[in-house]
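Here is work_17.tsv, consisting of TSV, C-alpha atoms:
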```tsv
chain	number	residue	atom	x	y	z
O	1	MET	CA	-19.11	-21.38	-26.87
O	2	SER	CA	-18.22	-18.65	-24.38
O	3	PRO	CA	-15.30	-16.39	-25.39
O	4	GLN	CA	-14.23	-15.99	-21.76
O	5	PRO	CA	-11.47	-18.64	-21.65
O	6	ASP	CA	-9.73	-17.04	-24.66
O	7	SER	CA	-10.16	-13.58	-23.15
O	8	VAL	CA	-8.71	-14.74	-19.84
O	9	GLY	CA	-5.79	-16.44	-21.57
O	10	ILE	CA	-4.99	-13.36	-23.63
O	11	TYR	CA	-5.10	-11.17	-20.53
O	12	LEU	CA	-2.87	-13.49	-18.51
O	13	ARG	CA	-0.32	-13.67	-21.33
O	14	GLU	CA	-0.37	-9.89	-21.62
O	15	ILE	CA	0.29	-9.17	-17.95
O	16	SER	CA	3.03	-11.81	-17.82
O	17	LYS	CA	5.09	-9.55	-20.08
O	18	TYR	CA	5.54	-6.99	-17.30
O	19	PRO	CA	8.56	-7.74	-15.08
O	20	MET	CA	8.28	-7.95	-11.31
O	21	LEU	CA	9.78	-5.08	-9.34
O	22	THR	CA	12.67	-5.42	-6.94
O	23	PRO	CA	12.16	-3.91	-3.46
O	24	GLU	CA	14.49	-1.06	-4.41
O	25	GLN	CA	12.57	-0.32	-7.62
O	26	GLU	CA	9.29	-0.44	-5.74
O	27	ILE	CA	10.47	2.15	-3.22
O	28	THR	CA	11.86	4.45	-5.93
O	29	LEU	CA	8.69	4.33	-7.99
O	30	ALA	CA	6.46	4.74	-4.94
O	31	ARG	CA	8.33	7.89	-3.94
O	32	GLN	CA	7.87	9.33	-7.42
O	33	VAL	CA	4.14	8.60	-7.21
O	34	LYS	CA	4.07	10.22	-3.76
O	35	GLN	CA	5.71	13.38	-5.10
O	36	MET	CA	3.18	13.53	-7.95
O	37	THR	CA	0.31	13.06	-5.49
O	38	VAL	CA	1.57	15.96	-3.34
O	39	VAL	CA	1.60	18.25	-6.39
O	40	GLN	CA	-1.87	17.12	-7.48
O	41	GLN	CA	-3.31	17.61	-4.00
O	42	HIS	CA	-1.74	21.06	-3.73
O	43	LYS	CA	-3.30	21.97	-7.07
O	44	GLN	CA	-6.72	20.73	-5.99
O	45	VAL	CA	-6.67	22.67	-2.70
O	46	LEU	CA	-5.53	25.84	-4.42
O	47	GLU	CA	-8.18	25.60	-7.13
O	48	GLU	CA	-10.89	25.14	-4.48
O	49	GLN	CA	-9.66	28.22	-2.68
O	50	LEU	CA	-9.45	30.38	-5.83
O	51	HIS	CA	-12.51	28.84	-7.53
O	52	GLN	CA	-10.65	28.56	-10.83
O	53	GLN	CA	-8.50	26.15	-12.85
O	54	LEU	CA	-4.73	26.63	-12.54
O	55	ASN	CA	-2.20	26.10	-15.31
O	56	ILE	CA	1.23	24.62	-14.64
O	57	GLN	CA	2.85	28.08	-14.59
O	58	GLN	CA	0.56	29.28	-11.78
O	59	LEU	CA	0.98	26.04	-9.87
O	60	ALA	CA	4.77	26.15	-10.12
O	61	ALA	CA	4.86	29.75	-8.93
O	62	ASP	CA	2.72	28.98	-5.88
O	63	MET	CA	4.90	25.98	-4.98
O	64	GLY	CA	8.14	27.88	-5.43
O	65	LYS	CA	9.31	25.58	-8.21
O	66	SER	CA	10.07	25.99	-11.88
O	67	GLU	CA	7.61	24.84	-14.52
O	68	THR	CA	10.16	22.23	-15.62
O	69	GLU	CA	10.41	20.81	-12.10
O	70	VAL	CA	6.65	20.52	-11.70
O	71	PHE	CA	6.25	19.00	-15.16
O	72	GLN	CA	9.02	16.49	-14.42
O	73	ILE	CA	7.43	15.47	-11.12
O	74	LEU	CA	4.07	14.90	-12.80
O	75	ARG	CA	5.57	13.03	-15.78
O	76	LEU	CA	7.79	10.73	-13.72
O	77	GLY	CA	5.02	10.15	-11.18
O	78	GLN	CA	2.54	9.09	-13.85
O	79	LYS	CA	5.06	6.70	-15.43
O	80	ALA	CA	5.94	5.27	-12.02
O	81	LYS	CA	2.26	4.74	-11.25
O	82	GLU	CA	1.72	2.86	-14.52
O	83	LYS	CA	4.77	0.66	-13.87
O	84	MET	CA	3.64	-0.22	-10.34
O	85	ILE	CA	0.16	-1.12	-11.56
O	86	ALA	CA	1.42	-3.25	-14.45
O	87	ALA	CA	3.93	-5.10	-12.27
O	88	ASN	CA	1.27	-6.02	-9.70
O	89	LEU	CA	-1.55	-7.19	-11.96
O	90	ARG	CA	-0.56	-10.79	-11.13
O	91	LEU	CA	-1.51	-10.05	-7.53
O	92	VAL	CA	-4.94	-8.89	-8.69
O	93	VAL	CA	-5.45	-12.14	-10.59
O	94	ALA	CA	-4.36	-14.22	-7.61
O	95	ILE	CA	-6.85	-12.47	-5.31
O	96	ALA	CA	-9.65	-12.51	-7.89
O	97	LYS	CA	-9.33	-16.32	-8.15
O	98	LYS	CA	-10.42	-16.59	-4.51
O	99	TYR	CA	-13.78	-15.04	-5.40
O	100	ARG	CA	-14.68	-17.18	-8.40
O	101	TRP	CA	-17.61	-18.50	-6.36
O	102	SER	CA	-19.35	-15.15	-6.86
O	103	GLN	CA	-21.77	-14.42	-9.67
O	104	LEU	CA	-19.36	-12.02	-11.41
O	105	GLU	CA	-17.31	-13.08	-14.41
O	106	PHE	CA	-13.63	-13.65	-13.64
O	107	LEU	CA	-12.44	-10.73	-15.80
O	108	ASP	CA	-14.98	-8.47	-14.06
O	109	LEU	CA	-13.43	-9.47	-10.74
O	110	VAL	CA	-9.99	-8.66	-12.16
O	111	GLN	CA	-11.21	-5.29	-13.41
O	112	GLU	CA	-12.61	-4.37	-10.01
O	113	GLY	CA	-9.43	-5.57	-8.34
O	114	SER	CA	-7.40	-3.38	-10.70
O	115	ILE	CA	-9.33	-0.35	-9.45
O	116	GLY	CA	-8.28	-1.31	-5.94
O	117	LEU	CA	-4.68	-1.72	-7.11
O	118	GLN	CA	-4.72	1.80	-8.54
O	119	LYS	CA	-5.99	3.18	-5.22
O	120	ALA	CA	-3.25	1.28	-3.41
O	121	VAL	CA	-0.56	2.79	-5.62
O	122	GLU	CA	-1.94	6.27	-4.99
O	123	ARG	CA	-2.14	5.81	-1.21
O	124	PHE	CA	1.00	3.78	-0.52
O	125	ASP	CA	3.61	5.49	1.64
O	126	PRO	CA	7.06	3.90	1.09
O	127	ASN	CA	8.45	5.61	4.19
O	128	ARG	CA	6.27	3.63	6.63
O	129	GLY	CA	8.32	0.45	6.27
O	130	TYR	CA	5.78	-2.13	5.12
O	131	LYS	CA	5.58	-3.87	1.75
O	132	PHE	CA	3.46	-2.51	-1.06
O	133	SER	CA	1.80	-5.91	-1.49
O	134	THR	CA	0.41	-5.65	2.06
O	135	CYS	CA	-1.27	-2.36	1.23
O	136	ALA	CA	-2.36	-3.54	-2.23
O	137	TYR	CA	-3.95	-6.75	-0.96
O	138	TRP	CA	-6.31	-4.80	1.28
O	139	TRP	CA	-7.41	-2.35	-1.43
O	140	ILE	CA	-7.79	-5.04	-4.11
O	141	ARG	CA	-9.88	-7.22	-1.82
O	142	GLN	CA	-11.95	-4.20	-0.76
O	143	GLU	CA	-12.92	-3.32	-4.33
O	144	ILE	CA	-13.68	-6.92	-5.31
O	145	THR	CA	-15.91	-7.59	-2.33
O	146	LYS	CA	-17.68	-4.25	-2.81
O	147	ALA	CA	-18.36	-5.15	-6.45
O	148	ILE	CA	-19.72	-8.55	-5.44
O	149	ALA	CA	-22.12	-6.85	-3.05
O	150	ASN	CA	-23.24	-4.19	-5.54
O	151	LYS	CA	-23.19	-5.90	-8.92
O	152	SER	CA	-23.70	-9.63	-8.59
O	153	THR	CA	-27.36	-9.40	-7.59
O	154	THR	CA	-30.31	-7.73	-9.27
O	155	ILE	CA	-31.23	-5.99	-6.02
O	156	ARG	CA	-28.37	-4.16	-4.32
O	157	THR	CA	-27.50	-5.72	-0.97
O	158	PRO	CA	-25.98	-3.94	2.05
O	159	SER	CA	-22.22	-4.28	2.45
O	160	HIS	CA	-22.61	-6.02	5.81
O	161	MET	CA	-24.55	-8.78	4.05
O	162	ASN	CA	-21.64	-9.22	1.64
O	163	ASP	CA	-19.23	-9.51	4.58
O	164	ARG	CA	-21.50	-12.12	6.10
O	165	LEU	CA	-21.62	-14.07	2.84
O	166	ILE	CA	-17.81	-14.16	2.67
O	167	LYS	CA	-17.71	-15.39	6.28
O	168	LEU	CA	-20.28	-18.09	5.48
O	169	LYS	CA	-18.34	-19.23	2.42
O	170	LYS	CA	-15.23	-19.62	4.58
O	171	VAL	CA	-17.19	-21.55	7.22
O	172	GLN	CA	-18.64	-23.73	4.48
O	173	ARG	CA	-15.16	-24.66	3.24
O	174	GLU	CA	-14.08	-25.53	6.78
O	175	LEU	CA	-17.10	-27.74	7.36
O	176	VAL	CA	-16.61	-29.54	4.03
O	177	LYS	CA	-13.20	-30.63	5.32
O	178	ILE	CA	-14.63	-31.73	8.66
O	179	LEU	CA	-17.79	-33.42	7.39
O	180	GLY	CA	-16.56	-34.72	4.05
O	181	ARG	CA	-19.58	-33.22	2.30
O	182	GLU	CA	-21.44	-29.95	1.83
O	183	PRO	CA	-22.92	-28.78	5.16
O	184	ASN	CA	-26.57	-27.87	5.53
O	185	ILE	CA	-27.86	-24.52	6.73
O	186	ALA	CA	-28.23	-25.57	10.36
O	187	GLU	CA	-24.60	-26.75	10.52
O	188	ILE	CA	-23.29	-23.58	8.90
O	189	ALA	CA	-25.33	-21.47	11.30
O	190	GLU	CA	-24.03	-23.34	14.33
O	191	PHE	CA	-20.40	-23.02	13.26
O	192	ALA	CA	-20.77	-19.34	12.30
O	193	GLU	CA	-22.61	-18.52	15.53
O	194	LEU	CA	-25.65	-17.27	13.62
O	195	GLU	CA	-29.30	-18.22	13.55
O	196	PRO	CA	-30.34	-20.51	10.67
O	197	ASN	CA	-32.73	-17.84	9.39
O	198	GLN	CA	-29.83	-15.35	9.20
O	199	VAL	CA	-27.82	-17.78	7.07
O	200	ARG	CA	-30.83	-18.51	4.88
O	201	GLU	CA	-31.56	-14.78	4.49
O	202	CYS	CA	-28.00	-14.08	3.39
O	203	LEU	CA	-27.93	-16.91	0.85
O	204	ILE	CA	-31.28	-15.88	-0.58
O	205	ALA	CA	-30.14	-12.25	-0.89
O	206	PHE	CA	-27.26	-13.29	-3.14
O	207	ARG	CA	-29.17	-15.88	-5.12
O	208	HIS	CA	-30.04	-14.96	-8.70
O	209	PRO	CA	-32.62	-16.54	-11.05
O	210	LEU	CA	-31.35	-19.45	-13.16
O	211	SER	CA	-32.81	-20.83	-16.33
O	212	LEU	CA	-34.20	-24.32	-15.81
O	213	ASP	CA	-32.58	-25.25	-19.12
O	214	ARG	CA	-29.12	-24.07	-18.00
O	215	PRO	CA	-26.54	-26.84	-18.73
O	216	MET	CA	-24.84	-28.26	-15.66
O	217	GLY	CA	-21.88	-30.58	-15.08
O	218	GLN	CA	-18.40	-30.66	-16.54
O	219	GLU	CA	-19.64	-31.72	-19.97
O	220	ASP	CA	-22.98	-29.85	-19.79
O	221	GLU	CA	-24.59	-33.29	-19.75
O	222	VAL	CA	-27.58	-32.41	-17.54
O	223	ASP	CA	-30.00	-29.50	-17.23
O	224	PHE	CA	-30.46	-27.61	-13.97
O	225	LEU	CA	-34.10	-28.75	-13.80
O	226	GLU	CA	-33.02	-32.38	-13.56
O	227	ILE	CA	-31.01	-31.91	-10.36
O	228	LEU	CA	-33.51	-29.82	-8.42
O	229	PRO	CA	-34.58	-31.47	-5.14
O	230	ALA	CA	-38.19	-31.76	-4.06
O	231	ASP	CA	-40.16	-28.61	-3.26
O	232	GLY	CA	-39.30	-26.99	0.05
O	233	THR	CA	-35.96	-28.78	0.44
O	234	SER	CA	-32.65	-26.93	0.37
O	235	PRO	CA	-29.99	-28.49	-1.90
O	236	ASN	CA	-27.60	-28.56	1.07
O	237	GLU	CA	-30.19	-30.25	3.31
O	238	TYR	CA	-30.97	-32.71	0.51
O	239	LEU	CA	-27.52	-34.34	0.68
O	240	ASP	CA	-26.98	-37.71	2.33
O	241	GLU	CA	-25.78	-37.34	5.94
O	242	GLY	CA	-24.00	-40.69	5.91
O	243	PHE	CA	-20.69	-38.97	5.09
O	244	LEU	CA	-21.00	-36.94	8.29
O	245	ARG	CA	-21.35	-40.00	10.49
O	246	GLN	CA	-18.52	-41.89	8.81
O	247	ASP	CA	-15.88	-39.15	8.66
O	248	LEU	CA	-16.53	-37.52	12.01
O	249	ALA	CA	-16.61	-40.87	13.80
O	250	ASN	CA	-13.06	-41.55	12.59
O	251	CYS	CA	-11.85	-38.27	14.11
O	252	LEU	CA	-13.70	-38.41	17.43
O	253	ILE	CA	-11.34	-40.95	18.98
O	254	THR	CA	-8.79	-38.14	19.50
O	255	LEU	CA	-11.17	-36.01	21.57
O	256	LYS	CA	-11.78	-35.89	25.30
O	257	PRO	CA	-14.82	-37.88	26.48
O	258	LEU	CA	-17.07	-34.83	26.97
O	259	GLN	CA	-16.02	-33.28	23.66
O	260	LYS	CA	-16.72	-36.55	21.86
O	261	GLN	CA	-20.10	-36.93	23.55
O	262	VAL	CA	-21.19	-33.39	22.70
O	263	LEU	CA	-20.28	-33.72	19.02
O	264	MET	CA	-21.98	-37.10	18.75
O	265	LEU	CA	-25.20	-35.69	20.17
O	266	ARG	CA	-24.96	-32.40	18.28
O	267	PHE	CA	-24.39	-33.99	14.85
O	268	GLY	CA	-26.41	-37.15	15.39
O	269	LEU	CA	-23.58	-39.64	15.25
O	270	GLY	CA	-24.16	-43.27	16.11
O	271	SER	CA	-27.76	-44.27	16.79
O	272	VAL	CA	-28.95	-40.94	18.27
O	273	ASP	CA	-30.77	-38.11	16.57
O	274	LYS	CA	-29.24	-34.65	16.31
O	275	LEU	CA	-29.99	-32.58	19.41
O	276	SER	CA	-29.96	-28.85	20.09
O	277	THR	CA	-27.52	-27.38	22.60
O	278	LYS	CA	-30.39	-27.02	25.06
O	279	GLN	CA	-31.34	-30.69	24.69
O	280	ILE	CA	-27.72	-31.76	25.09
O	281	ALA	CA	-27.36	-29.66	28.24
O	282	GLU	CA	-30.43	-31.31	29.75
O	283	ARG	CA	-29.28	-34.82	28.83
O	284	LEU	CA	-25.73	-34.35	30.18
O	285	ASN	CA	-26.86	-32.24	33.14
O	286	ILE	CA	-24.53	-29.34	32.28
O	287	LYS	CA	-25.13	-25.69	31.40
O	288	GLN	CA	-26.06	-24.81	27.82
O	289	ALA	CA	-23.09	-22.42	27.58
O	290	LYS	CA	-20.80	-25.31	28.51
O	291	VAL	CA	-22.17	-27.30	25.58
O	292	GLY	CA	-21.35	-24.51	23.14
O	293	THR	CA	-17.86	-24.02	24.57
O	294	THR	CA	-17.11	-27.73	24.46
O	295	GLN	CA	-18.29	-28.00	20.86
O	296	LYS	CA	-16.03	-25.12	19.77
O	297	GLN	CA	-13.05	-26.64	21.58
O	298	ALA	CA	-13.66	-30.01	19.94
O	299	ILE	CA	-13.85	-28.49	16.47
O	300	LYS	CA	-10.63	-26.56	17.08
O	301	VAL	CA	-8.91	-29.82	18.03
O	302	LEU	CA	-10.07	-31.39	14.77
O	303	HIS	CA	-8.75	-28.36	12.86
O	304	ARG	CA	-5.31	-28.59	14.42
O	305	GLN	CA	-5.08	-32.27	13.58
O	306	GLN	CA	-5.70	-31.64	9.88
O	307	PRO	CA	-2.84	-29.59	8.32
O	308	GLN	CA	-4.77	-29.18	5.07
O	309	MET	CA	-7.26	-27.00	6.99
O	310	ARG	CA	-4.76	-24.29	7.78
O	311	GLU	CA	-5.03	-22.48	4.46
O	312	TYR	CA	-8.76	-22.05	5.07
O	313	LEU	CA	-8.31	-20.87	8.65
O	314	ALA	CA	-5.74	-18.16	7.86
```
Starting from the file, give its structure as structure tokens.
Amino acid sequence: MSPQPDSVGIYLREISKYPMLTPEQEITLARQVKQMTVVQQHKQVLEEQLHQQLNIQQLAADMGKSETEVFQILRLGQKAKEKMIAANLRLVVAIAKKYRWSQLEFLDLVQEGSIGLQKAVERFDPNRGYKFSTCAYWWIRQEITKAIANKSTTIRTPSHMNDRLIKLKKVQRELVKILGREPNIAEIAEFAELEPNQVRECLIAFRHPLSLDRPMGQEDEVDFLEILPADGTSPNEYLDEGFLRQDLANCLITLKPLQKQVLMLRFGLGSVDKLSTKQIAERLNIKQAKVGTTQKQAIKVLHRQQPQMREYLA
């Protein structure tokens, strides 16, 4: 049995002990960290100029402060930094949960996010008027996504490929809501405005080898080998397309005639086969660009009519 659930539970209980900060406390602590950072940066610049390490007495003299003042700034700043990090670890966990689809363990995601949180604390300027959580969210997400790109595959992948994967995962979630099932590669590519080979290349780059004996299912009741589709068939393409026809047909009645017609032809609804945008343009005697525009407009209409989609479209 994996020790991860116990480890996660222990960690979550531990961070729950740290109280949340009030806006006033956050500003006070952030200013103390800022003062410490100024002293540390001054020390670094001076040491580079003199090519030697400085003690606190030399640093204080150069800054026109007493040793006690400099020591107090550094001590309070370090304590303030630790408090801000501890109080915002819940934010790290919340963001890390959004990336559980990656190949990294959950606590590894949290660890990487904590590095981002530390950078946020060091760089946050309380005098600019925005919340610390706004700054922290960006840095936490940055470190997590960078770790996914660098660590979750055997071969290191470029960061732009990681960004594309995140975009594709978001598109996939949107299409699941629209289609009522997992989309295939062609559908993801169309929605993401990419070529199918670009989607396939990205998914392959982040795929890692799995043991054929790896247990699958909620109760580990089946091995991975038993659910593999036939050779040459993608698992997404292997799914039954009946759900697509049923669920989309129920939504199409709210669309304009041209929008409905384009989606029916594009996704093969009714008795017709799926057509490319070029084939649809020829059949309807309109420009190919018009087909693409109409399809996007129709999908946006479907999005607006389904409130549960909004969290995925934010």
query = At what distance in Å, to one decimal, does atom CA of Lys169 of chain O lie from atom CA of Glu182 of chain O?
reply =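 Pair atom CA of Glu182 of chain O / atom CA of Lys169 of chain O returns 11.2 Å.
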Test item: residues at most 8 Å from Ser102 of chain O, only C-alpha atoms, excluding those fewer than 2 positions along its chain, as a tab-separated table (two decimals) with C-alpha atoms, in the frame of the given file:
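Saved the output as result_17.tsv:
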```tsv
chain	number	residue	atom	x	y	z
O	99	TYR	CA	-13.78	-15.04	-5.40
O	100	ARG	CA	-14.68	-17.18	-8.40
O	104	LEU	CA	-19.36	-12.02	-11.41
O	148	ILE	CA	-19.72	-8.55	-5.44
O	152	SER	CA	-23.70	-9.63	-8.59
```
ask   = Could you tell me, as number ranges by chain, which residues have any atom at most 12 Å from (4.6, 14.3, -15.3), counting all atoms listed in the file?
value = O: 32-33, 35-37, 39-40, 56, 67-82
query = atom CA of Leu54 of chain O and atom CA of Glu122 of chain O are how many Å apart?
reply =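 Rounded to one decimal, the two atoms are 21.9 Å apart.
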Test item: residues at most 12 Å from Gln111 of chain O, all atoms listed in the file, excluding those fewer than 6 positions along its chain, as a ChimeraX atom specification = /O:8,11,89,92-93,95-96,104-105,117-118,140-141,143-144,147
task = Would you mind listing what lies within 12 Å of Thr134 of chain O as a list of chain:residue names, with all atoms listed in the file counted and same-chain residues fewer than 2 positions away left out?
result = O:Asn88, O:Leu91, O:Leu117, O:Ala120, O:Val121, O:Phe124, O:Asp125, O:Pro126, O:Arg128, O:Gly129, O:Tyr130, O:Lys131, O:Phe132, O:Ala136, O:Tyr137, O:Trp138, O:Trp139, O:Ile140, O:Arg141
request  = Find the spatial neighbours of Phe191 of chain O, counting all atoms listed in the file, within a cut-off of 10 Å - ignore same-chain residues fewer than 5 positions away - and output them as a PyMOL selection string.
outcome  = chain O and resi 168+171-172+174-175+186+295-296+299
query = Please, what distance in Å, to one decimal, runs between atom CA of Ile15 of chain O and atom CA of Gly113 of chain O?
reply = 14.1 Å
key: Selected residue of minimal separation from Gly116 of chain O among O:Trp101, O:Gln142, O:Met63, O:Pro19, counting all atoms listed in the file   =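 Checking each of O:Trp101, O:Gln142, O:Met63, O:Pro19 against Gly116 of chain O, counting all atoms listed in the file, the winner is O:Gln142.
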ask   = In terms of the shortest atom-to-atom distance over only C-alpha atoms, which of O:Arg200, O:Lys98, O:Arg181, O:Lys65 is closest to Ile166 of chain O?
value =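 With only C-alpha atoms as the atom set, the closest residue is O:Lys98.
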Nearest to Arg123 of chain O by atom-to-atom distance, counting only C-alpha atoms, from O:Ala30, O:Leu302, O:Glu24, O:Lys83 = O:Ala30
query = For Val291 of chain O, which residue among O:Lys278, O:Lys97, O:Arg90, O:Arg31 is the nearest when counting only C-alpha atoms?
reply = O:Lys278
key: Nearest to Asn127 of chain O by atom-to-atom distance, counting only C-alpha atoms, from O:Leu59, O:Ala86, O:Val45, O:Ile27   = O:Ile27
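The shortest atom-to-atom distance to Lys17 of chain O, with only C-alpha atoms taken into account, belongs to O:Ala87 out of O:Glu112, O:Ala87, O:Leu275, O:Lys290.
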Got a minute to add all heavy atoms to segment 93-102 of chain O and dump it as a PDB file, in the coordinates of the input?
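Result written to selection-v8.pdb:
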```pdb
ATOM      1  N   VAL O  93      -4.936 -10.868 -10.087  1.00  0.00           N
ATOM      2  CA  VAL O  93      -5.450 -12.140 -10.590  1.00  0.00           C
ATOM      3  C   VAL O  93      -5.494 -13.184  -9.480  1.00  0.00           C
ATOM      4  O   VAL O  93      -6.473 -13.915  -9.330  1.00  0.00           O
ATOM      5  CB  VAL O  93      -4.583 -12.645 -11.769  1.00  0.00           C
ATOM      6  CG1 VAL O  93      -4.961 -14.073 -12.151  1.00  0.00           C
ATOM      7  CG2 VAL O  93      -4.726 -11.714 -12.966  1.00  0.00           C
ATOM      8  N   ALA O  94      -4.430 -13.240  -8.689  1.00  0.00           N
ATOM      9  CA  ALA O  94      -4.360 -14.220  -7.610  1.00  0.00           C
ATOM     10  C   ALA O  94      -5.482 -14.014  -6.597  1.00  0.00           C
ATOM     11  O   ALA O  94      -6.098 -14.981  -6.115  1.00  0.00           O
ATOM     12  CB  ALA O  94      -3.001 -14.140  -6.910  1.00  0.00           C
ATOM     13  N   ILE O  95      -5.777 -12.765  -6.268  1.00  0.00           N
ATOM     14  CA  ILE O  95      -6.850 -12.470  -5.310  1.00  0.00           C
ATOM     15  C   ILE O  95      -8.211 -12.707  -5.932  1.00  0.00           C
ATOM     16  O   ILE O  95      -9.121 -13.257  -5.295  1.00  0.00           O
ATOM     17  CB  ILE O  95      -6.721 -11.017  -4.796  1.00  0.00           C
ATOM     18  CG1 ILE O  95      -5.394 -10.840  -4.046  1.00  0.00           C
ATOM     19  CG2 ILE O  95      -7.898 -10.652  -3.899  1.00  0.00           C
ATOM     20  CD1 ILE O  95      -5.078  -9.413  -3.654  1.00  0.00           C
ATOM     21  N   ALA O  96      -8.369 -12.327  -7.198  1.00  0.00           N
ATOM     22  CA  ALA O  96      -9.650 -12.510  -7.890  1.00  0.00           C
ATOM     23  C   ALA O  96     -10.038 -13.989  -7.952  1.00  0.00           C
ATOM     24  O   ALA O  96     -11.219 -14.334  -7.882  1.00  0.00           O
ATOM     25  CB  ALA O  96      -9.576 -11.920  -9.294  1.00  0.00           C
ATOM     26  N   LYS O  97      -9.048 -14.880  -8.065  1.00  0.00           N
ATOM     27  CA  LYS O  97      -9.330 -16.320  -8.150  1.00  0.00           C
ATOM     28  C   LYS O  97     -10.034 -16.821  -6.897  1.00  0.00           C
ATOM     29  O   LYS O  97     -10.788 -17.790  -6.953  1.00  0.00           O
ATOM     30  CB  LYS O  97      -8.029 -17.095  -8.347  1.00  0.00           C
ATOM     31  CG  LYS O  97      -7.455 -16.996  -9.752  1.00  0.00           C
ATOM     32  CD  LYS O  97      -6.168 -17.803  -9.873  1.00  0.00           C
ATOM     33  CE  LYS O  97      -5.606 -17.735 -11.282  1.00  0.00           C
ATOM     34  NZ  LYS O  97      -4.333 -18.479 -11.410  1.00  0.00           N
ATOM     35  N   LYS O  98      -9.805 -16.162  -5.760  1.00  0.00           N
ATOM     36  CA  LYS O  98     -10.420 -16.590  -4.510  1.00  0.00           C
ATOM     37  C   LYS O  98     -11.905 -16.284  -4.467  1.00  0.00           C
ATOM     38  O   LYS O  98     -12.622 -16.752  -3.580  1.00  0.00           O
ATOM     39  CB  LYS O  98      -9.721 -15.917  -3.319  1.00  0.00           C
ATOM     40  CG  LYS O  98      -8.250 -16.279  -3.183  1.00  0.00           C
ATOM     41  CD  LYS O  98      -7.636 -15.611  -1.963  1.00  0.00           C
ATOM     42  CE  LYS O  98      -6.174 -16.000  -1.806  1.00  0.00           C
ATOM     43  NZ  LYS O  98      -5.542 -15.382  -0.616  1.00  0.00           N
ATOM     44  N   TYR O  99     -12.370 -15.449  -5.405  1.00  0.00           N
ATOM     45  CA  TYR O  99     -13.780 -15.040  -5.400  1.00  0.00           C
ATOM     46  C   TYR O  99     -14.513 -15.540  -6.638  1.00  0.00           C
ATOM     47  O   TYR O  99     -15.536 -14.989  -7.030  1.00  0.00           O
ATOM     48  CB  TYR O  99     -13.878 -13.512  -5.308  1.00  0.00           C
ATOM     49  CG  TYR O  99     -13.334 -12.988  -3.997  1.00  0.00           C
ATOM     50  CD1 TYR O  99     -11.992 -12.627  -3.872  1.00  0.00           C
ATOM     51  CD2 TYR O  99     -14.137 -12.879  -2.871  1.00  0.00           C
ATOM     52  CE1 TYR O  99     -11.474 -12.174  -2.670  1.00  0.00           C
ATOM     53  CE2 TYR O  99     -13.638 -12.434  -1.665  1.00  0.00           C
ATOM     54  CZ  TYR O  99     -12.303 -12.074  -1.572  1.00  0.00           C
ATOM     55  OH  TYR O  99     -11.811 -11.636  -0.376  1.00  0.00           O
ATOM     56  N   ARG O 100     -14.014 -16.616  -7.226  1.00  0.00           N
ATOM     57  CA  ARG O 100     -14.680 -17.180  -8.400  1.00  0.00           C
ATOM     58  C   ARG O 100     -16.045 -17.772  -8.068  1.00  0.00           C
ATOM     59  O   ARG O 100     -16.840 -18.045  -8.962  1.00  0.00           O
ATOM     60  CB  ARG O 100     -13.800 -18.258  -9.044  1.00  0.00           C
ATOM     61  CG  ARG O 100     -12.767 -17.667 -10.000  1.00  0.00           C
ATOM     62  CD  ARG O 100     -11.981 -18.741 -10.699  1.00  0.00           C
ATOM     63  NE  ARG O 100     -11.460 -18.254 -11.968  1.00  0.00           N
ATOM     64  CZ  ARG O 100     -10.592 -18.910 -12.722  1.00  0.00           C
ATOM     65  NH1 ARG O 100     -10.166 -20.087 -12.337  1.00  0.00           N
ATOM     66  NH2 ARG O 100     -10.165 -18.411 -13.860  1.00  0.00           N
ATOM     67  N   TRP O 101     -16.304 -17.990  -6.778  1.00  0.00           N
ATOM     68  CA  TRP O 101     -17.610 -18.500  -6.360  1.00  0.00           C
ATOM     69  C   TRP O 101     -18.702 -17.464  -6.555  1.00  0.00           C
ATOM     70  O   TRP O 101     -19.901 -17.802  -6.540  1.00  0.00           O
ATOM     71  CB  TRP O 101     -17.571 -18.918  -4.893  1.00  0.00           C
ATOM     72  CG  TRP O 101     -17.029 -17.870  -3.963  1.00  0.00           C
ATOM     73  CD1 TRP O 101     -15.758 -17.781  -3.473  1.00  0.00           C
ATOM     74  CD2 TRP O 101     -17.722 -16.736  -3.408  1.00  0.00           C
ATOM     75  NE1 TRP O 101     -15.607 -16.687  -2.662  1.00  0.00           N
ATOM     76  CE2 TRP O 101     -16.808 -16.028  -2.605  1.00  0.00           C
ATOM     77  CE3 TRP O 101     -19.015 -16.266  -3.521  1.00  0.00           C
ATOM     78  CZ2 TRP O 101     -17.149 -14.873  -1.910  1.00  0.00           C
ATOM     79  CZ3 TRP O 101     -19.377 -15.114  -2.832  1.00  0.00           C
ATOM     80  CH2 TRP O 101     -18.441 -14.428  -2.033  1.00  0.00           C
ATOM     81  N   SER O 102     -18.335 -16.203  -6.726  1.00  0.00           N
ATOM     82  CA  SER O 102     -19.350 -15.150  -6.860  1.00  0.00           C
ATOM     83  C   SER O 102     -20.018 -15.233  -8.228  1.00  0.00           C
ATOM     84  O   SER O 102     -19.617 -16.003  -9.103  1.00  0.00           O
ATOM     85  CB  SER O 102     -18.698 -13.770  -6.688  1.00  0.00           C
ATOM     86  OG  SER O 102     -17.907 -13.445  -7.808  1.00  0.00           O
TER      87      SER O 102
END
```
